[in-house]
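Have a look at final_33.txt below; it lists compact mmCIF, C-alpha atoms and all ligand atoms.
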```txt
# COMPACT_ATOMS: atom_id res chain seq x y z
CA MET N 1 132.08 135.35 124.37
CA PRO N 2 134.76 135.06 121.69
CA SER N 3 134.35 131.90 119.61
CA SER N 4 136.88 129.12 120.02
CA ARG N 5 138.15 129.98 116.57
CA ALA N 6 138.64 133.66 117.51
CA LYS N 7 140.45 132.58 120.69
CA ALA N 8 142.76 130.31 118.72
CA GLU N 9 143.47 133.08 116.26
CA THR N 10 144.39 135.51 119.05
CA LEU N 11 146.57 132.88 120.67
CA ALA N 12 148.26 132.12 117.36
CA ALA N 13 148.88 135.81 116.69
CA ASN N 14 150.41 136.33 120.18
CA MET N 15 152.62 133.32 119.89
CA ARG N 16 153.85 133.85 116.36
CA VAL N 17 157.64 133.88 116.35
CA PRO N 18 159.50 134.24 113.07
CA SER N 19 161.17 130.96 112.26
CA SER N 20 164.91 131.10 112.20
CA ASN N 21 164.92 128.24 109.67
CA PRO N 22 162.72 128.93 106.59
CA SER N 23 162.64 125.20 105.66
CA ALA N 24 161.29 124.11 109.11
CA ALA N 25 157.67 122.80 109.23
CA PRO N 26 155.20 125.52 110.36
CA ASP N 27 153.71 125.02 113.82
CA PRO N 28 149.94 124.22 114.03
CA LEU N 29 149.00 127.53 115.59
CA THR N 30 150.62 129.45 112.76
CA LEU N 31 148.67 127.35 110.25
CA LEU N 32 145.46 127.77 112.22
CA TYR N 33 145.79 131.52 111.93
CA GLY N 34 145.33 131.30 108.20
CA ALA N 35 142.68 128.56 108.24
CA THR N 36 139.41 129.26 106.38
CA GLU N 37 136.16 127.28 106.05
CA PRO N 38 134.76 125.88 102.79
CA PRO N 39 131.54 127.28 101.29
CA PRO N 40 128.30 125.83 102.79
CA PHE N 41 127.41 122.27 101.75
CA LYS N 42 124.95 122.12 98.88
CA GLU N 43 121.47 120.75 99.54
CA GLY N 44 121.24 117.09 98.62
CA ASN N 45 124.90 116.52 99.36
CA ILE N 46 125.47 113.23 101.18
CA PHE N 47 128.16 114.89 103.36
CA PRO N 48 128.98 115.64 106.10
CA LEU N 49 128.17 112.20 107.37
CA GLU N 50 126.83 111.76 110.90
CA TRP N 51 125.16 108.87 112.71
CA ARG N 52 122.09 110.19 114.55
CA CYS N 53 119.65 107.65 115.99
CA GLU N 54 116.17 109.00 116.68
CA THR N 55 114.27 105.73 116.44
CA PRO N 56 116.08 103.04 118.50
CA LYS N 57 113.46 100.47 117.43
CA LEU N 58 114.72 100.82 113.86
CA GLN N 59 118.25 100.09 114.98
CA GLN N 60 116.95 96.90 116.64
CA ILE N 61 115.16 95.87 113.45
CA TYR N 62 118.31 96.51 111.46
CA ASP N 63 120.33 94.41 113.91
CA SER N 64 117.85 91.57 113.53
CA ALA N 65 118.09 91.87 109.73
CA ARG N 66 121.89 91.75 109.48
CA ASP N 67 121.64 88.03 108.84
CA PRO N 68 118.35 87.22 107.09
CA GLY N 69 118.81 83.55 108.01
CA TRP N 70 118.40 82.26 104.48
CA ALA N 71 119.83 82.60 101.01
CA PRO N 72 118.32 81.84 97.59
CA ASN N 73 121.17 79.49 96.63
CA ARG N 74 120.57 77.35 99.75
CA LEU N 75 116.94 76.51 98.92
CA PRO N 76 116.28 72.94 97.66
CA TRP N 77 116.20 73.78 93.92
CA ASN N 78 117.27 70.21 93.13
CA THR N 79 113.77 69.09 94.15
CA LEU N 80 112.23 71.15 91.33
CA ASP N 81 112.02 68.78 88.39
CA PRO N 82 110.75 70.53 85.23
CA LYS N 83 109.97 67.12 83.71
CA ALA N 84 107.37 66.56 86.43
CA PHE N 85 105.17 69.17 84.68
CA THR N 86 103.51 69.37 81.27
CA PRO N 87 104.93 72.07 78.95
CA ASP N 88 101.89 74.29 79.60
CA GLN N 89 102.31 73.86 83.35
CA ARG N 90 105.96 74.89 83.08
CA TYR N 91 105.03 77.94 81.01
CA ALA N 92 102.26 78.86 83.41
CA LEU N 93 104.44 78.49 86.51
CA ALA N 94 107.26 80.53 84.94
CA TYR N 95 104.63 83.04 83.84
CA TRP N 96 103.54 83.77 87.40
CA TRP N 97 107.14 84.19 88.57
CA SER N 98 107.72 86.52 85.64
CA LEU N 99 104.75 88.67 86.63
CA LEU N 100 106.07 88.68 90.19
CA SER N 101 109.47 89.75 88.90
CA VAL N 102 107.94 92.93 87.48
CA PHE N 103 107.35 93.86 91.14
CA ASP N 104 110.03 92.05 93.11
CA SER N 105 112.83 92.58 90.59
CA SER N 106 112.24 96.30 90.58
CA GLY N 107 112.95 96.12 94.32
CA PRO N 108 116.78 96.26 94.13
CA ALA N 109 116.88 99.40 91.96
CA VAL N 110 113.89 101.04 93.65
CA PHE N 111 115.25 100.64 97.16
CA ALA N 112 118.83 101.43 96.15
CA ARG N 113 117.55 104.71 94.69
CA ALA N 114 115.53 105.35 97.85
CA MET N 115 118.58 104.57 99.98
CA ILE N 116 120.63 107.20 98.15
CA HIS N 117 117.75 109.60 98.79
CA THR N 118 117.98 108.94 102.56
CA TYR N 119 121.67 109.88 102.45
CA GLU N 120 120.95 113.02 100.45
CA THR N 121 118.24 114.11 102.86
CA HIS N 122 120.38 113.24 105.91
CA GLU N 123 117.90 110.84 107.44
CA GLU N 124 118.86 109.31 110.75
CA ASP N 125 121.40 106.51 110.54
CA PRO N 126 119.07 103.50 111.15
CA VAL N 127 116.73 104.70 108.37
CA ARG N 128 119.63 104.62 105.93
CA LYS N 129 120.78 101.24 107.21
CA CYS N 130 117.28 99.75 107.02
CA PHE N 131 117.03 100.81 103.39
CA PHE N 132 120.31 99.05 102.80
CA SER N 133 118.97 95.83 104.33
CA VAL N 134 115.73 96.06 102.32
CA THR N 135 117.79 96.52 99.14
CA ARG N 136 119.80 93.41 100.02
CA ASP N 137 116.57 91.45 100.68
CA GLU N 138 115.10 92.55 97.37
CA VAL N 139 118.17 91.28 95.53
CA ASN N 140 117.42 87.91 97.14
CA HIS N 141 113.77 88.09 96.10
CA GLU N 142 114.78 88.87 92.57
CA GLU N 143 117.04 85.83 92.61
CA ILE N 144 114.11 83.63 93.61
CA CYS N 145 112.24 84.83 90.52
CA GLN N 146 115.37 84.31 88.44
CA ARG N 147 115.93 80.74 89.65
CA ALA N 148 112.28 79.72 89.33
CA ILE N 149 111.98 81.14 85.80
CA GLN N 150 115.30 79.76 84.61
CA SER N 151 114.63 76.26 85.99
CA LEU N 152 111.23 76.03 84.29
CA THR N 153 111.92 77.92 81.06
CA PRO N 154 115.69 78.25 80.49
CA GLY N 155 116.34 81.61 78.85
CA GLY N 156 113.07 82.97 80.26
CA PRO N 157 111.27 85.20 80.96
CA LEU N 158 111.67 86.37 77.33
CA ASP N 159 114.56 84.69 75.60
CA TYR N 160 113.03 81.25 74.96
CA GLU N 161 110.65 79.84 72.37
CA PRO N 162 107.44 78.42 73.87
CA GLU N 163 106.08 75.48 71.91
CA THR N 164 102.37 75.70 72.70
CA PRO N 165 99.79 78.44 72.04
CA LEU N 166 99.37 78.97 75.80
CA GLY N 167 103.13 79.29 76.17
CA LYS N 168 103.23 81.91 73.42
CA LEU N 169 100.41 83.82 75.11
CA ALA N 170 102.36 83.67 78.39
CA ARG N 171 105.42 85.18 76.76
CA ASN N 172 103.34 87.91 75.12
CA ASN N 173 101.62 88.77 78.42
CA VAL N 174 104.99 89.01 80.15
CA LEU N 175 106.29 91.39 77.48
CA TRP N 176 103.35 93.66 78.18
CA TYR N 177 103.99 93.54 81.92
CA TYR N 178 107.60 94.58 81.46
CA HIS N 179 106.39 97.42 79.26
CA ASN N 180 104.29 98.64 82.19
CA GLY N 181 107.10 97.98 84.68
CA GLY N 182 109.30 100.34 82.65
CA ARG N 183 106.61 103.02 82.90
CA TYR N 184 106.41 102.52 86.68
CA TRP N 185 110.17 103.06 86.97
CA GLU N 186 109.97 106.34 85.07
CA GLY N 187 107.32 107.57 87.52
CA PHE N 188 109.18 106.30 90.57
CA LYS N 189 112.38 108.11 89.63
CA LYS N 190 110.47 111.40 89.53
CA GLY N 191 108.52 110.67 92.72
CA VAL N 192 111.27 109.55 95.04
CA GLY N 193 112.98 112.93 95.22
CA LYS N 194 109.73 114.84 95.28
CA TYR N 195 107.95 113.37 98.29
CA PRO N 196 108.79 113.74 101.98
CA LEU N 197 109.70 110.59 103.88
CA ALA N 198 106.26 110.18 105.48
CA ILE N 199 104.66 109.93 102.06
CA LEU N 200 107.24 107.56 100.66
CA PHE N 201 106.90 105.29 103.66
CA THR N 202 103.13 105.18 103.51
CA SER N 203 103.45 104.00 99.92
CA PHE N 204 106.16 101.51 100.76
CA LEU N 205 104.07 100.20 103.65
CA MET N 206 101.26 99.47 101.26
CA GLY N 207 103.52 97.26 99.17
CA GLU N 208 104.95 95.50 102.20
CA VAL N 209 101.56 94.77 103.80
CA ALA N 210 100.32 93.45 100.48
CA SER N 211 103.37 91.30 99.75
CA ALA N 212 103.59 89.86 103.27
CA THR N 213 99.95 88.74 102.90
CA LEU N 214 100.50 87.37 99.39
CA PHE N 215 103.55 85.28 100.25
CA HIS N 216 102.10 83.99 103.49
CA SER N 217 98.96 82.76 101.74
CA MET N 218 100.94 81.12 98.95
CA TYR N 219 103.25 79.49 101.49
CA LEU N 220 100.22 77.86 103.03
CA ARG N 221 98.76 76.78 99.69
CA THR N 222 101.60 75.64 97.41
CA THR N 223 102.42 71.95 97.02
CA ILE N 224 105.84 72.51 95.39
CA PRO N 225 108.49 72.11 98.14
CA VAL N 226 111.08 74.64 96.96
CA PHE N 227 108.39 77.26 96.37
CA LYS N 228 106.97 76.62 99.83
CA GLU N 229 110.36 77.34 101.34
CA ALA N 230 110.84 80.40 99.13
CA PHE N 231 107.42 81.84 100.04
CA LYS N 232 108.18 81.32 103.72
CA CYS N 233 111.55 83.10 103.57
CA VAL N 234 110.43 85.95 101.31
CA GLY N 235 107.25 86.42 103.36
CA ARG N 236 109.33 86.74 106.54
CA ASP N 237 111.50 89.39 104.89
CA GLU N 238 108.42 91.29 103.75
CA ALA N 239 106.97 91.20 107.27
CA ARG N 240 110.24 92.73 108.52
CA HIS N 241 110.01 95.44 105.84
CA MET N 242 106.51 96.13 107.08
CA GLY N 243 107.91 96.51 110.62
CA ILE N 244 110.48 99.02 109.34
CA CYS N 245 107.78 101.12 107.66
CA LEU N 246 105.57 101.00 110.75
CA ALA N 247 108.41 102.03 113.10
CA ILE N 248 109.16 105.04 110.90
CA LEU N 249 105.52 105.98 110.42
CA GLU N 250 104.83 105.89 114.18
CA ARG N 251 107.13 108.89 114.41
CA LEU N 252 106.11 110.63 111.17
CA LEU N 253 102.32 110.27 111.03
CA PRO N 254 101.63 112.59 114.00
CA GLN N 255 103.59 115.32 112.19
CA LEU N 256 101.65 115.29 108.90
CA THR N 257 100.58 118.54 107.28
CA ASP N 258 97.28 118.87 105.42
CA ALA N 259 99.12 118.86 102.11
CA MET N 260 100.81 115.57 103.03
CA ARG N 261 97.50 114.01 104.07
CA GLU N 262 96.06 114.95 100.70
CA GLN N 263 99.02 113.40 98.88
CA ILE N 264 98.74 110.20 100.88
CA THR N 265 95.08 109.81 99.92
CA ARG N 266 96.07 110.05 96.26
CA GLN N 267 98.98 107.70 96.67
CA ILE N 268 96.89 105.00 98.28
CA ARG N 269 94.64 105.00 95.24
CA ALA N 270 97.68 104.91 92.91
CA GLY N 271 99.20 102.12 95.00
CA TYR N 272 96.01 100.10 94.69
CA VAL N 273 96.06 100.46 90.90
CA PHE N 274 99.69 99.42 90.59
CA LEU N 275 99.86 96.60 93.15
CA SER N 276 96.62 95.03 91.95
CA GLY N 277 98.72 93.94 88.99
CA ILE N 278 100.00 91.07 91.12
CA LEU N 279 97.66 90.97 94.10
CA TYR N 280 94.39 90.98 92.29
CA GLU N 281 93.57 92.03 88.69
CA PRO N 282 95.30 94.90 86.86
CA PRO N 283 92.71 97.73 86.66
CA GLU N 284 92.22 99.74 83.49
CA GLN N 285 93.97 102.82 84.89
CA PHE N 286 97.75 102.81 84.40
CA TRP N 287 98.00 99.30 82.97
CA GLN N 288 98.36 99.36 79.19
CA LEU N 289 97.37 95.85 78.12
CA PRO N 290 95.99 94.37 74.89
CA GLU N 291 92.60 92.66 74.75
CA THR N 292 94.18 89.22 74.75
CA TRP N 293 95.95 89.89 78.03
CA ARG N 294 93.20 89.23 80.59
CA PRO N 295 91.69 86.03 79.10
CA ALA N 296 95.20 84.62 78.60
CA HIS N 297 96.08 85.58 82.17
CA TRP N 298 93.06 83.76 83.62
CA MET N 299 93.90 80.60 81.66
CA LEU N 300 97.54 80.72 82.74
CA GLU N 301 96.61 81.26 86.38
CA ASP N 302 94.30 78.25 86.27
CA VAL N 303 97.05 76.05 84.83
CA ALA N 304 99.61 77.31 87.36
CA ARG N 305 97.13 76.70 90.17
CA GLY N 306 96.57 73.17 88.89
CA ALA N 307 100.33 72.60 88.87
CA GLY N 308 100.44 73.37 92.61
CA LEU N 309 101.80 76.92 92.69
CA GLY N 310 99.35 77.99 95.39
CA ILE N 311 97.69 80.94 93.64
CA LEU N 312 94.55 81.95 95.51
CA THR N 313 91.25 82.27 93.71
CA ARG N 314 90.21 85.74 92.56
CA GLU N 315 87.64 85.93 95.34
CA GLU N 316 90.22 84.96 97.99
CA ARG N 317 92.67 87.52 96.64
CA ARG N 318 90.02 90.18 96.66
CA GLU N 319 89.38 89.43 100.34
CA ASN N 320 93.11 89.46 101.19
CA TRP N 321 93.67 92.75 99.40
CA ARG N 322 90.63 94.23 101.08
CA GLY N 323 91.90 93.09 104.50
CA SER N 324 95.35 94.62 103.86
CA LEU N 325 93.87 97.93 102.79
CA LEU N 326 91.51 98.06 105.74
CA LYS N 327 94.59 97.68 107.97
CA MET N 328 96.13 100.68 106.19
CA LYS N 329 92.90 102.57 106.67
CA GLY N 330 92.90 101.82 110.40
CA LEU N 331 96.46 103.11 110.67
CA LEU N 332 95.97 106.29 108.65
CA GLU N 333 92.51 107.55 109.57
CA PRO N 334 93.37 108.41 113.20
CA HIS N 335 95.97 110.81 111.74
CA GLY N 336 93.38 112.63 109.69
CA VAL N 337 94.17 110.92 106.37
CA GLU N 338 91.06 110.42 104.30
CA PHE N 339 90.99 107.04 102.58
CA PRO N 340 90.31 106.90 98.85
CA GLY N 341 87.37 104.91 97.54
CA ILE N 342 88.34 101.48 96.21
CA PRO N 343 84.99 100.27 94.93
CA GLU N 344 86.63 97.36 93.07
CA ILE N 345 87.09 95.58 96.40
CA GLY N 346 84.26 97.15 98.34
CA ILE N 347 86.04 99.96 100.22
CA ASP N 348 84.16 103.24 100.50
CA GLY N 349 85.91 106.60 100.42
CA ARG N 350 86.61 109.70 98.41
CA THR N 351 86.74 109.30 94.63
CA ILE N 352 90.28 110.03 93.49
CA ALA N 353 91.40 110.70 89.93
CA PHE N 354 94.33 108.48 89.08
CA ASP N 355 97.67 110.12 88.31
CA PRO N 356 100.48 107.79 87.18
CA ASP N 357 103.03 110.16 88.73
CA ASP N 358 101.67 109.25 92.18
CA ILE N 359 102.85 105.63 91.91
CA VAL N 360 105.62 104.96 94.41
CA PRO N 361 104.93 101.68 96.24
CA VAL N 362 106.91 98.53 95.70
CA PHE N 363 107.40 95.12 97.27
FE FE N 401 109.67 94.28 100.69
FE FE N 402 110.42 91.80 98.02
```

Can you dump the structure from the file as structure tokens?
Amino acid sequence: MPSSRAKAETLAANMRVPSSNPSAAPDPLTLLYGATEPPPFKEGNIFPLEWRCETPKLQQIYDSARDPGWAPNRLPWNTLDPKAFTPDQRYALAYWWSLLSVFDSSGPAVFARAMIHTYETHEEDPVRKCFFSVTRDEVNHEEICQRAIQSLTPGGPLDYEPETPLGKLARNNVLWYYHNGGRYWEGFKKGVGKYPLAILFTSFLMGEVASATLFHSMYLRTTIPVFKEAFKCVGRDEARHMGICLAILERLLPQLTDAMREQITRQIRAGYVFLSGILYEPPEQFWQLPETWRPAHWMLEDVARGAGLGILTREERRENWRGSLLKMKGLLEPHGVEFPGIPEIGIDGRTIAFDPDDIVPVF
């Protein structure tokens, strides 16, 4: 069978008639005769664009996310009166939002980078679109941190002068967290291009399960109205992100190779180490913190809790984190993924050496 191009070329050759007028436009068949194709597209090129849909459920989730139903500027910020708190309470409240911002404010750049990756690797259309919606949501979550911090400590998280010793400790602790956040970003940039989608999504799922649990519990506990509303809205977004990860993993987990299973085991351990920085207590691995950090952190958490933020006790957080990870375990083990040991919160499994390059998860 001659190809359609060969047929067109034959046709063009048979029909070529010399033009009597050299300035007349050439006819399409004449042009087609001389047409050539460009060199093959390079790997990682975002073109040619196409719009495949292999997971209709993802398209439905994306459709439901087009309008998140809330916006940071529409929350009742006017009900947050900084004068209703003591200076230490203000510092402590802003402190917690600053720690959160190390996670949630990396979201916009992290997911934007991941979204570009989905174009480069020619993922199906709804995967790319879902990453877009998660990026948009994360910009909103960052704005919540921004508004909370700026209302309580204008110029914060760093560009303000605290007037009490506890306030100065808060600022110092936050500096150290940003230092570690910068190290996370360096690792993430290397990891995102290196890992296949199944591995990235397992890591992302970990962050989403953890954050959905965190915000839901704080929504129930806080006594500060605008924070209650914020926790509700952000928690709903995080639950949707969790649904996106699950829909993708349903398709990808049955196709894992042994090498991928091995990488996932390592990443779960790395994810625990990183995310514990907000969900529980920052472990020694990865986190570079001075000796003053932990005692200052416990004092600040107590003051923020007393001011009504809704921070759970360490024991409650340990139980929440454990519950989230056991859910992950239940999802992964049927696909032959061995779970790492997380003795800090009472989960048995294989002992895994920590490698900072394995850190990929985010809120
Ligand atoms: Fe999220
Ligand atoms: Fe988020």

What are the nearest atom pairs, with distances in Å to one decimal, for all residues of chain N that come at most 9 Å from ligand FE 401 (chain N), using only C-alpha atoms and all ligand atoms, set out by chain and rising residue number as CSV?
```
residue,atom,partner,partner_atom,distance
N:Asp104,CA,N:FE401,FE,7.9
N:Gly107,CA,N:FE401,FE,7.4
N:Val134,CA,N:FE401,FE,6.5
N:Thr135,CA,N:FE401,FE,8.6
N:Asp137,CA,N:FE401,FE,7.5
N:Glu138,CA,N:FE401,FE,6.6
N:His141,CA,N:FE401,FE,8.7
N:Phe204,CA,N:FE401,FE,8.0
N:Leu205,CA,N:FE401,FE,8.7
N:Gly207,CA,N:FE401,FE,7.0
N:Glu208,CA,N:FE401,FE,5.1
N:Val209,CA,N:FE401,FE,8.7
N:Ser211,CA,N:FE401,FE,7.0
N:Ala212,CA,N:FE401,FE,7.9
N:Val234,CA,N:FE401,FE,8.4
N:Gly235,CA,N:FE401,FE,8.6
N:Asp237,CA,N:FE401,FE,6.7
N:Glu238,CA,N:FE401,FE,4.5
N:Ala239,CA,N:FE401,FE,7.8
N:Arg240,CA,N:FE401,FE,8.0
N:His241,CA,N:FE401,FE,5.3
N:Met242,CA,N:FE401,FE,7.4
N:Val362,CA,N:FE401,FE,7.1
N:Phe363,CA,N:FE401,FE,4.2
```

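Near segment 155-159 of chain N, within 7 Å and counting all atoms listed in the file, sit Ser98, Ile149 and Arg171 of chain N, not including residues fewer than 6 positions from it in the same chain.
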
Give me the segment 20-82 of chain N side of the contact with segment 117-128 of chain N, cut-off 6 Å, one line per residue showing its nearest atom pair and distance in Å at one decimal, counting all atoms listed in the file, sorted by chain and residue number, as a Markdown table.
```
| residue | atom | partner | partner_atom | distance |
| --- | --- | --- | --- | --- |
| N:Gly44 | CA | N:Glu120 | CA | 4.5 |
| N:Asn45 | CA | N:Glu120 | CA | 5.4 |
| N:Ile46 | CA | N:Glu120 | CA | 4.6 |
| N:Trp51 | CA | N:Asp125 | CA | 4.9 |
| N:Arg52 | CA | N:Glu124 | CA | 5.1 |
| N:Cys53 | CA | N:Glu124 | CA | 5.6 |
| N:Leu58 | CA | N:Pro126 | CA | 5.8 |
| N:Gln59 | CA | N:Pro126 | CA | 5.2 |
```

> If you measure from atom CA of Glu301 of chain N to atom CA of Asn140 of chain N, what distance in Å do you get, rounded to one decimal?
Replying inline: 24.4 Å

Per-residue nearest contacts of segment 206-320 of chain N to segment 342-346 of chain N (8 Å; only C-alpha atoms) as a tab-separated table:
```
residue	atom	partner	partner_atom	distance
N:Arg269	CA	N:Ile342	CA	7.3
N:Tyr272	CA	N:Ile342	CA	7.9
N:Arg318	CA	N:Ile345	CA	6.1
N:Glu319	CA	N:Ile345	CA	7.7
```

> Which neighbours of segment 328-332 of chain N fall inside 9 Å, counting only C-alpha atoms, when residues of the same chain fewer than 3 positions from it are skipped, and could you give them as a ChimeraX atom specification?
Replying inline: /N:202,205-206,209,253,323-325,335-339

Could you complete segment 45-66 of chain N so that it carries N, CA and C atoms, and give it back as a PDB file, keeping the file's coordinate frame?
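As a result, out36.pdb now contains:
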```pdb
ATOM      1  N   ASN N  45     123.578 117.117  99.252  1.00  0.00           N
ATOM      2  CA  ASN N  45     124.900 116.520  99.360  1.00  0.00           C
ATOM      3  C   ASN N  45     124.842 115.406 100.411  1.00  0.00           C
ATOM      4  N   ILE N  46     125.525 114.317 100.190  1.00  0.00           N
ATOM      5  CA  ILE N  46     125.470 113.230 101.180  1.00  0.00           C
ATOM      6  C   ILE N  46     126.398 113.500 102.364  1.00  0.00           C
ATOM      7  N   PHE N  47     127.251 114.555 102.271  1.00  0.00           N
ATOM      8  CA  PHE N  47     128.160 114.890 103.360  1.00  0.00           C
ATOM      9  C   PHE N  47     127.687 116.165 104.044  1.00  0.00           C
ATOM     10  N   PRO N  48     128.105 116.471 105.282  1.00  0.00           N
ATOM     11  CA  PRO N  48     128.980 115.640 106.100  1.00  0.00           C
ATOM     12  C   PRO N  48     128.185 114.484 106.721  1.00  0.00           C
ATOM     13  N   LEU N  49     128.825 113.390 106.839  1.00  0.00           N
ATOM     14  CA  LEU N  49     128.170 112.200 107.370  1.00  0.00           C
ATOM     15  C   LEU N  49     128.077 112.306 108.899  1.00  0.00           C
ATOM     16  N   GLU N  50     126.952 111.889 109.443  1.00  0.00           N
ATOM     17  CA  GLU N  50     126.830 111.760 110.900  1.00  0.00           C
ATOM     18  C   GLU N  50     125.931 110.549 111.162  1.00  0.00           C
ATOM     19  N   TRP N  51     125.867 110.121 112.405  1.00  0.00           N
ATOM     20  CA  TRP N  51     125.160 108.870 112.710  1.00  0.00           C
ATOM     21  C   TRP N  51     124.125 109.069 113.831  1.00  0.00           C
ATOM     22  N   ARG N  52     123.161 109.947 113.579  1.00  0.00           N
ATOM     23  CA  ARG N  52     122.090 110.190 114.550  1.00  0.00           C
ATOM     24  C   ARG N  52     121.179 108.967 114.638  1.00  0.00           C
ATOM     25  N   CYS N  53     120.669 108.707 115.854  1.00  0.00           N
ATOM     26  CA  CYS N  53     119.650 107.650 115.990  1.00  0.00           C
ATOM     27  C   CYS N  53     118.471 108.233 116.752  1.00  0.00           C
ATOM     28  N   GLU N  54     117.368 108.440 116.044  1.00  0.00           N
ATOM     29  CA  GLU N  54     116.170 109.000 116.680  1.00  0.00           C
ATOM     30  C   GLU N  54     115.118 107.923 116.948  1.00  0.00           C
ATOM     31  N   THR N  55     115.260 106.812 116.298  1.00  0.00           N
ATOM     32  CA  THR N  55     114.270 105.730 116.440  1.00  0.00           C
ATOM     33  C   THR N  55     115.001 104.431 116.797  1.00  0.00           C
ATOM     34  N   PRO N  56     115.283 104.224 118.103  1.00  0.00           N
ATOM     35  CA  PRO N  56     116.080 103.040 118.500  1.00  0.00           C
ATOM     36  C   PRO N  56     115.450 101.727 118.014  1.00  0.00           C
ATOM     37  N   LYS N  57     114.119 101.699 117.893  1.00  0.00           N
ATOM     38  CA  LYS N  57     113.460 100.470 117.430  1.00  0.00           C
ATOM     39  C   LYS N  57     113.950 100.083 116.035  1.00  0.00           C
ATOM     40  N   LEU N  58     114.227 101.098 115.217  1.00  0.00           N
ATOM     41  CA  LEU N  58     114.720 100.820 113.860  1.00  0.00           C
ATOM     42  C   LEU N  58     116.096 100.185 113.901  1.00  0.00           C
ATOM     43  N   GLN N  59     116.906 100.667 114.844  1.00  0.00           N
ATOM     44  CA  GLN N  59     118.250 100.090 114.980  1.00  0.00           C
ATOM     45  C   GLN N  59     118.120  98.607 115.354  1.00  0.00           C
ATOM     46  N   GLN N  60     117.153  98.318 116.248  1.00  0.00           N
ATOM     47  CA  GLN N  60     116.950  96.900 116.640  1.00  0.00           C
ATOM     48  C   GLN N  60     116.512  96.066 115.435  1.00  0.00           C
ATOM     49  N   ILE N  61     115.618  96.626 114.632  1.00  0.00           N
ATOM     50  CA  ILE N  61     115.160  95.870 113.450  1.00  0.00           C
ATOM     51  C   ILE N  61     116.344  95.634 112.516  1.00  0.00           C
ATOM     52  N   TYR N  62     117.148  96.665 112.337  1.00  0.00           N
ATOM     53  CA  TYR N  62     118.310  96.510 111.460  1.00  0.00           C
ATOM     54  C   TYR N  62     119.235  95.417 111.995  1.00  0.00           C
ATOM     55  N   ASP N  63     119.457  95.432 113.329  1.00  0.00           N
ATOM     56  CA  ASP N  63     120.330  94.410 113.910  1.00  0.00           C
ATOM     57  C   ASP N  63     119.771  93.013 113.657  1.00  0.00           C
ATOM     58  N   SER N  64     118.448  92.891 113.743  1.00  0.00           N
ATOM     59  CA  SER N  64     117.850  91.570 113.530  1.00  0.00           C
ATOM     60  C   SER N  64     117.900  91.170 112.049  1.00  0.00           C
ATOM     61  N   ALA N  65     118.097  92.155 111.174  1.00  0.00           N
ATOM     62  CA  ALA N  65     118.090  91.870 109.730  1.00  0.00           C
ATOM     63  C   ALA N  65     119.501  91.647 109.174  1.00  0.00           C
ATOM     64  N   ARG N  66     120.518  91.853 110.020  1.00  0.00           N
ATOM     65  CA  ARG N  66     121.890  91.750 109.480  1.00  0.00           C
ATOM     66  C   ARG N  66     122.107  90.401 108.811  1.00  0.00           C
TER      67      ARG N  66
END
```
